[in-house]
file structure11.cif (mmCIF, C-alpha atoms and all ligand atoms)
data_start
loop_
_atom_site.label_atom_id
_atom_site.label_comp_id
_atom_site.auth_asym_id
_atom_site.auth_seq_id
_atom_site.Cartn_x
_atom_site.Cartn_y
_atom_site.Cartn_z
CA MET A 274 58.07 75.53 -149.36
CA PRO A 275 57.40 71.79 -149.80
CA ALA A 276 60.06 71.30 -152.48
CA PHE A 277 62.79 72.23 -150.02
CA ASN A 278 61.33 70.54 -146.96
CA ARG A 279 64.31 69.11 -145.06
CA LEU A 280 62.19 67.39 -142.40
CA ALA A 281 61.65 64.50 -144.82
CA GLY A 282 65.32 63.50 -144.47
CA PRO A 283 68.23 64.15 -146.81
CA ALA A 284 67.35 64.32 -150.48
CA THR A 285 68.56 61.50 -152.73
CA PRO A 286 69.52 61.97 -156.35
CA LYS A 287 67.45 60.29 -159.04
CA PRO A 288 67.74 60.16 -162.82
CA LEU A 289 66.20 63.22 -164.36
CA ILE A 290 64.49 60.99 -166.89
CA GLU A 291 62.42 59.48 -164.04
CA VAL A 292 61.23 62.83 -162.81
CA GLN A 293 57.62 63.39 -163.79
CA SER A 294 57.09 66.59 -165.70
CA ARG A 295 53.89 68.39 -164.94
CA ASP A 296 51.88 70.58 -167.19
CA LEU A 297 51.85 74.04 -165.70
CA VAL A 298 48.46 75.33 -164.76
CA ARG A 299 48.05 78.82 -166.19
CA ILE A 300 45.67 81.42 -164.90
CA PRO A 301 45.11 83.91 -167.71
CA THR A 302 45.15 87.47 -166.45
CA GLY A 303 42.76 88.53 -169.17
CA ASP A 304 45.31 91.09 -170.35
CA GLN A 305 46.66 89.69 -173.64
CA GLU A 306 49.96 91.57 -173.47
CA LEU A 307 50.66 90.58 -169.86
CA ASP A 308 49.72 86.98 -170.65
CA ARG A 309 52.01 86.97 -173.66
CA VAL A 310 55.00 88.15 -171.59
CA LEU A 311 54.24 85.77 -168.71
CA GLY A 312 54.05 82.86 -171.15
CA GLY A 313 50.30 82.32 -171.07
CA GLY A 314 49.23 83.55 -167.66
CA LEU A 315 50.07 83.31 -163.98
CA VAL A 316 51.22 80.01 -162.48
CA PRO A 317 49.85 79.11 -159.01
CA GLY A 318 52.31 80.24 -156.35
CA CYS A 319 54.46 82.19 -158.80
CA VAL A 320 55.89 85.47 -157.59
CA VAL A 321 56.22 88.19 -160.19
CA LEU A 322 58.17 91.40 -159.68
CA LEU A 323 57.11 94.32 -161.86
CA GLY A 324 59.80 97.00 -162.05
CA GLY A 325 59.68 100.41 -163.64
CA GLU A 326 60.26 104.10 -163.09
CA PRO A 327 57.79 106.05 -160.97
CA GLY A 328 54.83 107.27 -163.01
CA ILE A 329 55.28 104.84 -165.88
CA GLY A 330 52.01 103.01 -165.18
CA LYS A 331 52.81 100.04 -162.92
CA SER A 332 49.88 100.63 -160.58
CA THR A 333 47.58 101.14 -163.54
CA LEU A 334 48.67 97.85 -165.10
CA MET A 335 48.28 95.99 -161.81
CA LEU A 336 44.91 97.47 -161.01
CA GLN A 337 43.35 97.01 -164.41
CA SER A 338 44.46 93.40 -164.80
CA THR A 339 43.40 92.50 -161.25
CA MET A 340 40.04 94.15 -161.78
CA ALA A 341 39.58 91.90 -164.79
CA MET A 342 40.51 88.83 -162.73
CA ALA A 343 38.23 89.88 -159.88
CA ALA A 344 35.42 90.31 -162.39
CA ARG A 345 35.95 86.67 -163.38
CA GLY A 346 35.39 85.58 -159.78
CA MET A 347 38.90 85.53 -158.28
CA LYS A 348 39.29 86.96 -154.83
CA VAL A 349 42.01 89.59 -155.10
CA LEU A 350 43.82 91.27 -152.24
CA TYR A 351 45.43 94.55 -153.30
CA VAL A 352 47.89 95.67 -150.64
CA GLY A 353 49.03 99.23 -151.08
CA GLY A 354 51.22 101.40 -148.95
CA GLU A 355 51.64 103.88 -151.71
CA GLU A 356 48.19 105.32 -152.30
CA SER A 357 45.14 105.62 -150.06
CA PRO A 358 42.14 103.33 -150.75
CA GLU A 359 40.27 106.44 -151.92
CA GLN A 360 42.95 107.20 -154.50
CA VAL A 361 42.92 103.60 -155.72
CA ARG A 362 39.13 103.73 -155.96
CA MET A 363 39.26 106.91 -158.06
CA ARG A 364 41.71 105.31 -160.43
CA ALA A 365 39.74 102.08 -160.57
CA GLU A 366 36.61 103.96 -161.62
CA ARG A 367 38.40 105.16 -164.73
CA LEU A 368 39.60 101.69 -165.57
CA GLY A 369 36.41 99.65 -165.49
CA GLU A 370 33.71 97.90 -163.50
CA LEU A 371 34.29 97.39 -159.76
CA THR A 372 33.36 94.14 -158.02
CA ALA A 373 33.16 93.02 -154.39
CA GLN A 374 35.85 90.42 -155.14
CA LEU A 375 38.56 93.09 -155.09
CA LEU A 376 39.73 93.79 -151.56
CA ILE A 377 42.07 96.61 -150.69
CA LEU A 378 44.36 96.63 -147.68
CA PRO A 379 46.27 99.79 -146.77
CA GLU A 380 49.00 98.09 -144.74
CA THR A 381 52.79 98.25 -144.82
CA ASN A 382 53.65 95.83 -142.01
CA ALA A 383 54.55 92.56 -143.73
CA ALA A 384 53.76 90.45 -140.66
CA ALA A 385 50.31 92.04 -140.42
CA ILE A 386 49.76 91.39 -144.13
CA VAL A 387 50.52 87.69 -143.62
CA GLU A 388 47.97 87.58 -140.78
CA CYS A 389 45.40 89.09 -143.08
CA LEU A 390 46.32 86.62 -145.84
CA ASN A 391 45.85 83.69 -143.46
CA ARG A 392 42.45 84.99 -142.47
CA ASP A 393 41.13 86.05 -145.88
CA GLN A 394 42.82 83.46 -148.13
CA PRO A 395 42.77 85.43 -151.40
CA ASP A 396 43.30 83.77 -154.82
CA LEU A 397 45.64 86.52 -155.95
CA LEU A 398 47.91 88.92 -154.06
CA ILE A 399 49.12 92.31 -155.27
CA ILE A 400 51.75 94.34 -153.42
CA ASP A 401 52.10 97.97 -154.54
CA SER A 402 54.87 98.62 -153.79
CA ILE A 403 57.40 96.32 -152.14
CA GLN A 404 59.49 99.38 -151.17
CA THR A 405 56.83 100.57 -148.74
CA LEU A 406 56.80 97.36 -146.68
CA TYR A 407 58.68 96.62 -143.48
CA GLN A 408 59.08 93.62 -141.24
CA PRO A 409 58.89 94.64 -137.55
CA ALA A 410 61.21 91.81 -136.54
CA VAL A 411 64.00 93.32 -138.64
CA GLU A 412 65.93 96.19 -137.10
CA ALA A 413 66.44 98.40 -140.10
CA ALA A 414 64.81 101.53 -141.43
CA PRO A 415 61.75 101.07 -143.69
CA GLY A 416 62.80 101.27 -147.32
CA SER A 417 66.25 99.81 -146.60
CA VAL A 418 67.46 96.86 -148.58
CA SER A 419 67.16 94.42 -145.68
CA GLN A 420 63.58 95.51 -144.96
CA ILE A 421 62.59 95.07 -148.59
CA ARG A 422 64.27 91.68 -148.82
CA GLU A 423 62.84 90.37 -145.56
CA SER A 424 59.31 91.57 -146.34
CA ALA A 425 59.49 90.05 -149.79
CA SER A 426 60.76 86.70 -148.51
CA LEU A 427 57.96 86.53 -145.96
CA LEU A 428 55.29 87.12 -148.61
CA THR A 429 57.02 84.86 -151.14
CA ALA A 430 57.05 82.02 -148.62
CA TRP A 431 53.35 82.53 -148.01
CA ALA A 432 52.58 82.62 -151.73
CA LYS A 433 54.49 79.33 -152.32
CA GLN A 434 52.88 77.62 -149.35
CA HIS A 435 49.37 78.53 -150.45
CA SER A 436 49.95 78.39 -154.21
CA VAL A 437 48.68 81.93 -154.59
CA PRO A 438 50.10 83.92 -157.50
CA THR A 439 51.62 87.16 -156.27
CA LEU A 440 52.53 90.32 -158.14
CA MET A 441 54.88 92.82 -156.53
CA VAL A 442 55.56 96.30 -157.81
CA GLY A 443 59.07 97.72 -157.40
CA HIS A 444 60.36 101.15 -158.35
CA ILE A 445 63.46 101.67 -160.42
CA THR A 446 65.24 104.98 -160.69
CA LYS A 447 65.97 106.73 -163.98
CA GLU A 448 69.58 105.59 -163.84
CA GLY A 449 68.35 102.01 -163.90
CA SER A 450 69.47 101.31 -160.37
CA LEU A 451 66.99 98.93 -158.83
CA ALA A 452 67.65 100.06 -155.27
CA GLY A 453 65.11 97.58 -153.97
CA PRO A 454 64.07 95.31 -156.83
CA LYS A 455 67.62 94.26 -157.77
CA VAL A 456 68.05 92.46 -154.47
CA LEU A 457 64.77 90.63 -155.09
CA GLU A 458 65.51 89.26 -158.53
CA HIS A 459 66.86 85.92 -157.31
CA LEU A 460 63.97 85.54 -154.88
CA VAL A 461 61.10 85.82 -157.35
CA ASP A 462 60.13 83.62 -160.31
CA VAL A 463 59.50 86.30 -162.88
CA VAL A 464 60.99 89.78 -163.27
CA LEU A 465 59.07 92.09 -165.56
CA GLN A 466 60.17 95.52 -166.64
CA PHE A 467 57.76 98.23 -167.64
CA GLU A 468 59.32 101.01 -169.68
CA GLY A 469 58.71 103.93 -171.97
CA GLU A 470 59.03 107.69 -172.01
CA ARG A 471 56.59 109.30 -169.63
CA ASN A 472 55.68 112.04 -172.10
CA HIS A 473 54.89 109.47 -174.79
CA ALA A 474 51.91 107.14 -174.75
CA TYR A 475 53.65 103.85 -175.59
CA ARG A 476 54.87 101.37 -172.99
CA MET A 477 56.85 98.17 -173.35
CA LEU A 478 56.63 95.22 -171.02
CA ARG A 479 59.59 92.82 -171.08
CA ALA A 480 60.55 89.79 -169.01
CA ASN A 481 64.12 89.95 -167.68
CA LYS A 482 63.68 86.58 -166.01
CA ASN A 483 60.96 83.96 -166.33
CA ARG A 484 61.10 80.57 -164.65
CA PHE A 485 57.91 79.52 -166.40
CA GLY A 486 58.38 80.77 -169.90
CA SER A 487 60.53 82.54 -172.43
CA THR A 488 62.01 85.97 -171.90
CA ALA A 489 61.77 86.76 -175.60
CA GLU A 490 58.18 87.97 -175.57
CA LEU A 491 57.29 91.63 -175.60
CA GLY A 492 54.14 93.39 -174.50
CA LEU A 493 53.14 96.73 -175.99
CA TYR A 494 50.62 99.16 -174.58
CA GLU A 495 49.29 102.58 -175.22
CA MET A 496 48.41 104.70 -172.18
CA LEU A 497 44.96 106.20 -172.72
CA GLY A 498 42.66 108.17 -170.46
CA THR A 499 40.92 104.92 -169.63
CA GLY A 500 44.04 102.93 -168.80
CA LEU A 501 46.43 100.80 -170.82
CA ALA A 502 45.31 99.41 -174.17
CA ALA A 503 47.09 96.59 -175.99
CA VAL A 504 48.89 97.56 -179.19
CA GLU A 505 48.28 94.71 -181.61
CA ASN A 506 50.15 95.98 -184.64
CA PRO A 507 53.19 97.92 -183.44
CA SER A 508 54.22 99.06 -186.92
CA ASP A 509 50.91 100.83 -187.41
CA VAL A 510 51.59 103.15 -184.50
CA LEU A 511 55.37 103.36 -184.59
CA LEU A 512 55.68 104.52 -188.16
CA GLY A 513 55.24 108.21 -187.55
CA GLN A 514 55.15 109.43 -191.10
CA THR A 515 53.45 108.43 -194.28
CA ASP A 516 55.31 107.86 -197.53
CA ASP A 517 54.77 111.25 -199.04
CA ASP A 518 56.13 113.48 -196.30
CA LEU A 519 59.34 111.67 -195.41
CA GLN A 520 61.88 114.21 -194.17
CA SER A 521 65.63 114.07 -194.38
CA GLY A 522 67.04 112.28 -191.35
CA ALA A 523 64.22 109.75 -191.07
CA ALA A 524 64.82 106.06 -191.78
CA VAL A 525 62.64 103.01 -191.22
CA ALA A 526 64.11 99.94 -189.54
CA ALA A 527 62.63 96.46 -189.83
CA ALA A 528 63.21 95.67 -186.17
CA LEU A 529 62.47 92.69 -184.02
CA GLU A 530 61.94 93.42 -180.37
CA GLY A 531 61.40 90.35 -178.27
CA ALA A 532 59.72 88.01 -180.70
CA ARG A 533 57.71 90.76 -182.37
CA PRO A 534 58.60 92.20 -185.73
CA MET A 535 57.89 95.91 -186.02
CA LEU A 536 58.80 98.74 -188.32
CA VAL A 537 60.30 101.59 -186.34
CA GLU A 538 61.15 105.08 -187.46
CA VAL A 539 64.64 106.29 -186.59
CA GLN A 540 65.13 110.06 -186.67
CA ALA A 541 68.53 111.72 -186.78
CA LEU A 542 69.47 115.37 -186.68
CA VAL A 543 73.01 116.30 -187.62
CA SER A 544 73.96 119.95 -187.27
CA THR A 545 77.05 122.11 -186.85
CA ALA A 546 78.24 122.12 -183.26
CA VAL A 547 77.89 125.51 -181.61
CA TYR A 548 80.17 124.72 -178.70
CA GLY A 549 83.60 123.15 -178.72
CA THR A 550 82.55 119.61 -177.85
CA PRO A 551 79.91 118.24 -180.18
CA GLN A 552 76.78 116.91 -178.52
CA ARG A 553 75.57 113.36 -178.92
CA SER A 554 72.23 112.20 -177.67
CA GLY A 555 70.20 109.08 -178.21
CA THR A 556 66.60 108.74 -177.08
CA GLY A 557 65.51 105.12 -177.15
CA PHE A 558 68.90 104.07 -178.51
CA ASP A 559 72.08 103.14 -176.67
CA LEU A 560 74.43 106.13 -176.66
CA ARG A 561 77.58 103.99 -176.70
CA ARG A 562 76.27 102.19 -179.75
CA LEU A 563 75.56 105.55 -181.41
CA ASN A 564 79.11 106.70 -180.70
CA MET A 565 80.45 103.48 -182.13
CA LEU A 566 78.41 103.91 -185.33
CA LEU A 567 79.61 107.51 -185.64
CA ALA A 568 83.21 106.35 -185.28
CA VAL A 569 82.64 103.79 -188.03
CA LEU A 570 81.17 106.48 -190.29
CA GLU A 571 84.11 108.75 -189.60
CA LYS A 572 86.75 106.08 -190.16
CA ARG A 573 85.22 104.18 -193.06
CA ASN A 574 83.29 106.89 -194.88
CA GLY A 575 85.59 109.82 -194.24
CA PHE A 576 82.66 111.55 -192.60
CA LYS A 577 83.94 114.52 -190.56
CA LEU A 578 81.79 114.30 -187.47
CA ALA A 579 84.06 115.96 -184.95
CA SER A 580 82.41 119.35 -185.43
CA LEU A 581 78.83 118.10 -185.70
CA ASP A 582 76.09 117.60 -183.13
CA VAL A 583 74.19 114.35 -183.58
CA PHE A 584 70.79 113.73 -182.05
CA LEU A 585 69.03 110.42 -182.49
CA ASN A 586 65.50 109.54 -181.61
CA ILE A 587 63.34 106.43 -181.87
CA ALA A 588 59.77 107.43 -182.68
CA GLY A 589 57.14 106.61 -180.08
CA GLY A 590 59.48 106.99 -177.10
CA LEU A 591 60.39 103.31 -177.06
CA ARG A 592 63.78 101.84 -176.30
CA ILE A 593 64.84 99.44 -179.03
CA THR A 594 67.74 97.09 -178.34
CA ASP A 595 67.72 95.15 -181.62
CA PRO A 596 71.18 95.46 -183.30
CA ALA A 597 69.43 95.37 -186.70
CA LEU A 598 68.66 99.04 -186.11
CA ASP A 599 72.29 99.99 -186.87
CA LEU A 600 71.81 100.26 -190.61
CA ALA A 601 68.75 102.50 -190.28
CA VAL A 602 70.65 104.67 -187.78
CA ILE A 603 73.54 105.10 -190.24
CA ALA A 604 71.13 105.84 -193.09
CA ALA A 605 69.25 108.42 -191.00
CA ILE A 606 72.50 110.14 -190.03
CA LEU A 607 73.72 110.23 -193.65
CA SER A 608 70.37 111.53 -194.82
CA SER A 609 70.33 114.31 -192.24
CA ALA A 610 73.94 115.28 -192.84
CA LEU A 611 73.33 115.54 -196.59
CA ASP A 612 69.85 116.97 -196.07
CA VAL A 613 68.44 114.56 -198.63
CA PRO A 614 65.38 112.46 -197.73
CA LEU A 615 65.72 108.72 -198.16
CA PRO A 616 63.81 107.14 -201.06
CA VAL A 617 60.19 106.46 -200.08
CA GLY A 618 59.19 102.89 -199.27
CA THR A 619 62.71 101.93 -198.13
CA ALA A 620 63.50 100.08 -194.92
CA PHE A 621 66.68 98.71 -193.32
CA ALA A 622 67.69 95.62 -191.36
CA GLY A 623 71.39 95.18 -190.71
CA GLU A 624 73.94 95.22 -187.93
CA VAL A 625 77.09 97.28 -188.48
CA GLY A 626 80.48 95.92 -187.44
CA LEU A 627 83.57 97.86 -186.43
CA SER A 628 85.19 97.57 -189.84
CA GLY A 629 82.11 99.00 -191.51
CA GLU A 630 80.76 95.65 -192.68
CA ILE A 631 77.02 95.10 -192.67
CA ARG A 632 76.22 91.91 -190.84
CA PRO A 633 73.20 89.63 -191.19
CA VAL A 634 70.49 89.82 -188.53
CA ALA A 635 68.35 87.19 -186.86
CA ARG A 636 64.99 86.09 -188.26
CA LEU A 637 65.11 87.98 -191.50
CA ASN A 638 61.99 86.18 -192.76
CA GLN A 639 59.82 87.74 -190.09
CA ARG A 640 61.20 91.19 -190.80
CA VAL A 641 60.64 90.75 -194.51
CA ALA A 642 57.05 89.65 -193.93
CA GLU A 643 56.34 92.64 -191.71
CA ALA A 644 57.98 95.04 -194.18
CA ALA A 645 55.88 93.61 -197.01
CA ARG A 646 52.73 93.87 -194.89
CA MET A 647 53.45 97.53 -194.22
CA GLY A 648 53.94 98.34 -197.89
CA ILE A 649 57.74 98.64 -197.89
CA ARG A 650 59.07 98.25 -201.44
CA ARG A 651 62.81 98.04 -200.83
CA LEU A 652 64.53 96.40 -197.86
CA LEU A 653 68.28 96.89 -197.46
CA VAL A 654 69.92 93.94 -195.73
CA SER A 655 73.39 92.47 -195.26
CA GLY A 656 75.07 91.18 -198.40
CA HIS A 657 77.04 88.71 -196.32
CA GLY A 658 75.86 85.23 -195.49
CA ARG A 659 73.19 83.00 -196.91
CA MET A 660 69.81 84.29 -197.87
CA ASP A 661 67.06 81.81 -198.60
CA LEU A 662 64.18 84.17 -198.87
CA GLY A 663 61.73 83.31 -201.58
CA SER A 664 60.55 86.13 -203.77
CA ILE A 665 58.10 88.46 -202.12
CA GLU A 666 55.53 90.19 -204.24
CA GLY A 667 56.26 93.90 -204.48
CA LEU A 668 59.29 93.87 -202.17
CA GLU A 669 62.84 94.12 -203.46
CA ILE A 670 65.59 92.80 -201.17
CA VAL A 671 68.78 94.81 -201.67
CA PRO A 672 71.96 93.27 -200.25
CA VAL A 673 74.62 95.73 -199.09
CA LYS A 674 78.05 94.62 -197.93
CA ARG A 675 79.69 97.69 -196.52
CA VAL A 676 78.71 101.00 -195.03
CA ASN A 677 80.59 102.79 -197.88
CA ASP A 678 78.26 101.15 -200.41
CA LEU A 679 75.21 102.68 -198.74
CA HIS A 680 75.62 106.10 -200.26
CA GLY A 681 75.59 104.77 -203.81
CA VAL A 682 72.56 102.58 -203.20
CA LEU A 683 70.53 105.32 -201.56
CA PHE A 684 71.28 108.68 -203.12
P1 LIG B 701 50.76 104.96 -162.36
O1 LIG B 701 50.12 103.64 -162.66
O2 LIG B 701 50.38 105.63 -161.10
O3 LIG B 701 52.36 104.81 -162.38
P2 LIG B 701 53.34 104.04 -161.36
O4 LIG B 701 52.53 103.16 -160.49
O5 LIG B 701 54.30 103.30 -162.24
O6 LIG B 701 54.06 105.10 -160.58
O7 LIG B 701 50.41 105.86 -163.63
C1 LIG B 701 51.11 107.00 -163.90
C2 LIG B 701 50.50 107.89 -164.93
O8 LIG B 701 49.58 107.29 -165.81
C3 LIG B 701 49.76 109.00 -164.27
O9 LIG B 701 50.59 110.14 -164.34
C4 LIG B 701 48.53 109.22 -165.05
C5 LIG B 701 48.60 108.25 -166.17
N1 LIG B 701 47.31 107.57 -166.42
C6 LIG B 701 46.69 107.73 -167.65
O10 LIG B 701 47.18 108.42 -168.54
N2 LIG B 701 45.50 107.09 -167.88
C7 LIG B 701 44.89 106.32 -166.93
O11 LIG B 701 43.80 105.75 -167.19
C8 LIG B 701 45.54 106.19 -165.66
C9 LIG B 701 44.91 105.36 -164.59
C10 LIG B 701 46.74 106.82 -165.45
MG MG B 702 52.21 103.31 -158.42
#
call {"tool": "encode", "arguments": {"input": "structure11.cif", "output": "structure tokens"}}
result
Amino acid sequence: MPAFNRLAGPATPKPLIEVQSRDLVRIPTGDQELDRVLGGGLVPGCVVLLGGEPGIGKSTLMLQSTMAMAARGMKVLYVGGEESPEQVRMRAERLGELTAQLLILPETNAAAIVECLNRDQPDLLIIDSIQTLYQPAVEAAPGSVSQIRESASLLTAWAKQHSVPTLMVGHITKEGSLAGPKVLEHLVDVVLQFEGERNHAYRMLRANKNRFGSTAELGLYEMLGTGLAAVENPSDVLLGQTDDDLQSGAAVAAALEGARPMLVEVQALVSTAVYGTPQRSGTGFDLRRLNMLLAVLEKRNGFKLASLDVFLNIAGGLRITDPALDLAVIAAILSSALDVPLPVGTAFAGEVGLSGEIRPVARLNQRVAEAARMGIRRLLVSGHGRMDLGSIEGLEIVPVKRVNDLHGVLF
């Protein structure tokens, strides 16, 4: 690692203003969603960790993007301890054209991998997965934290020395514990997270850390029989229902996930609890947040929820973290509880505070533009704070100040 080379004598401080900034070289992966999340492509010598639950599609994403890079003439070394070369070949055949530039190495000994790297000098290195590697010099069981860390540092050092971009796959368990990957986060330059519900087709790619770009970007894919396809207009696929068959309990949120505006359908089901303790479940939505919103409804709207089950679901199997979803969640719950569908063409964008106030959300302009594009006619937003939105053809902006006002506006 030249930047930390101590043999050159002790480092001396110099004014930051005198430090030359360099334009980063970017190697596009050819996958527009991956490039978007990386900040334009891979940087030479960058080490990227891709985390996600087993079966979510990490190997598919790695293989299909590296096949595209190999097809453009890069020499790719795909190191896999997880699947046999025959299995990888079978998968690759579904994903696209194979080229001689893609080399596969079924090896789990990190020291042996480095030997192979020195001999073959690839332009791109893929490790699938880091959990399967071990370093013979380390006395610990394969799969243990020290084995994962030592193997990863060895390969990271090689990648930095030779300026070869490296992508490592790491498994995360359902509970979100990154048994291996968590210990690697400080070691790598970029940490990507691949998520979604396995029984749904949509996948989200987020950056939890990015030394070479923003972490605000979001990649969206649909898992097809022929691999992962980019989703260019999220609202088109995430809005489950059309205007004329809107059911009670469904509300549309003008959400912003990463830097991407998207209309998302929130579905709530409120029913009488059969057992003593009412059930609460949130799919794609934080359960603590749901409980907080229910408490607000109970306290501020006199809504008796103690004997009701509440189930909440975000259409498409995606996890949305945008607080602007709150208002749509409340509206969906009210609609289901009353069994009255919400007016057609209505969408929501507002955060709900503990005292039942509806708070303004970030980047309202983008949400408004997306709502208008998708044919929304009424957007309910916070009545607090400044609003300098010009008039938008065909879209009425309705400010609402408190959760108690919602009922009057809607029903
Ligand atoms: P995989 O990439 O093996 O997941 P991971 O490496 O994260 O464990 O993909 C898992 C699922 O994706 C697998 O169950 C089958 C499905 N899949 C498709 O639906 N279409 C495809 O083209 C491919 C290659 C996989
Ligand atoms: Mg895999």
call {"tool": "residues_near_ligand", "arguments": {"input": "structure11.cif", "ligand": "ligand LIG 701 (chain B)", "cutoff": "9 Å", "atoms": "all atoms listed in the file", "output": "PyMOL selection string"}}
result
chain A and resi 324-337+355+363-368+401-402+442-444+467+471+474+496-501
call {"tool": "closest_residue", "arguments": {"input": "structure11.cif", "among": "A:Ala579, A:Ile649, A:Leu371, A:Ile400", "to": "ligand MG 702 (chain B)", "atoms": "all atoms listed in the file"}}
result
A:Ile400
call {"tool": "closest_residue", "arguments": {"input": "structure11.cif", "among": "A:Arg573, A:Gly557, A:Leu542, A:Leu512", "to": "Gly618 of chain A", "atoms": "only C-alpha atoms"}}
result
A:Leu512
call {"tool": "atom_distance", "arguments": {"input": "structure11.cif", "atom1": "atom CA of Gly555 of chain A", "atom2": "atom CA of Phe576 of chain A"}}
result
19.2 Å
call {"tool": "residues_around", "arguments": {"input": "structure11.cif", "residues": "Leu428 of chain A", "least_positions_apart": "2", "cutoff": "9 Å", "atoms": "only C-alpha atoms", "output": "list in words"}}
result
Ala383, Ala384, Ile386, Val387, Glu423, Ser424, Ala425, Ser426, Ala430, Trp431, Ala432, Lys433 and Thr439 of chain A
call {"tool": "residues_around", "arguments": {"input": "structure11.cif", "residues": "Thr488 of chain A", "least_positions_apart": "5", "cutoff": "10 Å", "atoms": "all atoms listed in the file", "output": "PyMOL selection string"}}
result
chain A and resi 310-312+463-465+479-483+531-532
call {"tool": "residues_around", "arguments": {"input": "structure11.cif", "residues": "segment 651-665 of chain A", "least_positions_apart": "2", "cutoff": "7 Å", "atoms": "all atoms listed in the file", "output": "ChimeraX atom specification"}}
result
/A:618-623,631-633,638,649,667-674
call {"tool": "closest_residue", "arguments": {"input": "structure11.cif", "among": "A:Val418, A:Leu591, A:Ala523, A:Leu398", "to": "Leu322 of chain A", "atoms": "all atoms listed in the file"}}
result
A:Leu398
call {"tool": "residues_around", "arguments": {"input": "structure11.cif", "residues": "segment 538-540 of chain A", "least_positions_apart": "6", "cutoff": "9 Å", "atoms": "all atoms listed in the file", "output": "PyMOL selection string"}}
result
chain A and resi 511-514+521-526+584-589+598+601-602+605-606+609
call {"tool": "residues_around", "arguments": {"input": "structure11.cif", "residues": "segment 305-307 of chain A", "least_positions_apart": "6", "cutoff": "9 Å", "atoms": "only C-alpha atoms", "output": "PyMOL selection string"}}
result
chain A and resi 313-314+334+338+478+491-494+503-505
call {"tool": "atom_distance", "arguments": {"input": "structure11.cif", "atom1": "atom CA of Ser419 of chain A", "atom2": "atom CA of Val437 of chain A"}}
result
24.0 Å
call {"tool": "atom_distance", "arguments": {"input": "structure11.cif", "atom1": "atom CA of Arg650 of chain A", "atom2": "atom CA of Val634 of chain A"}}
result
19.2 Å
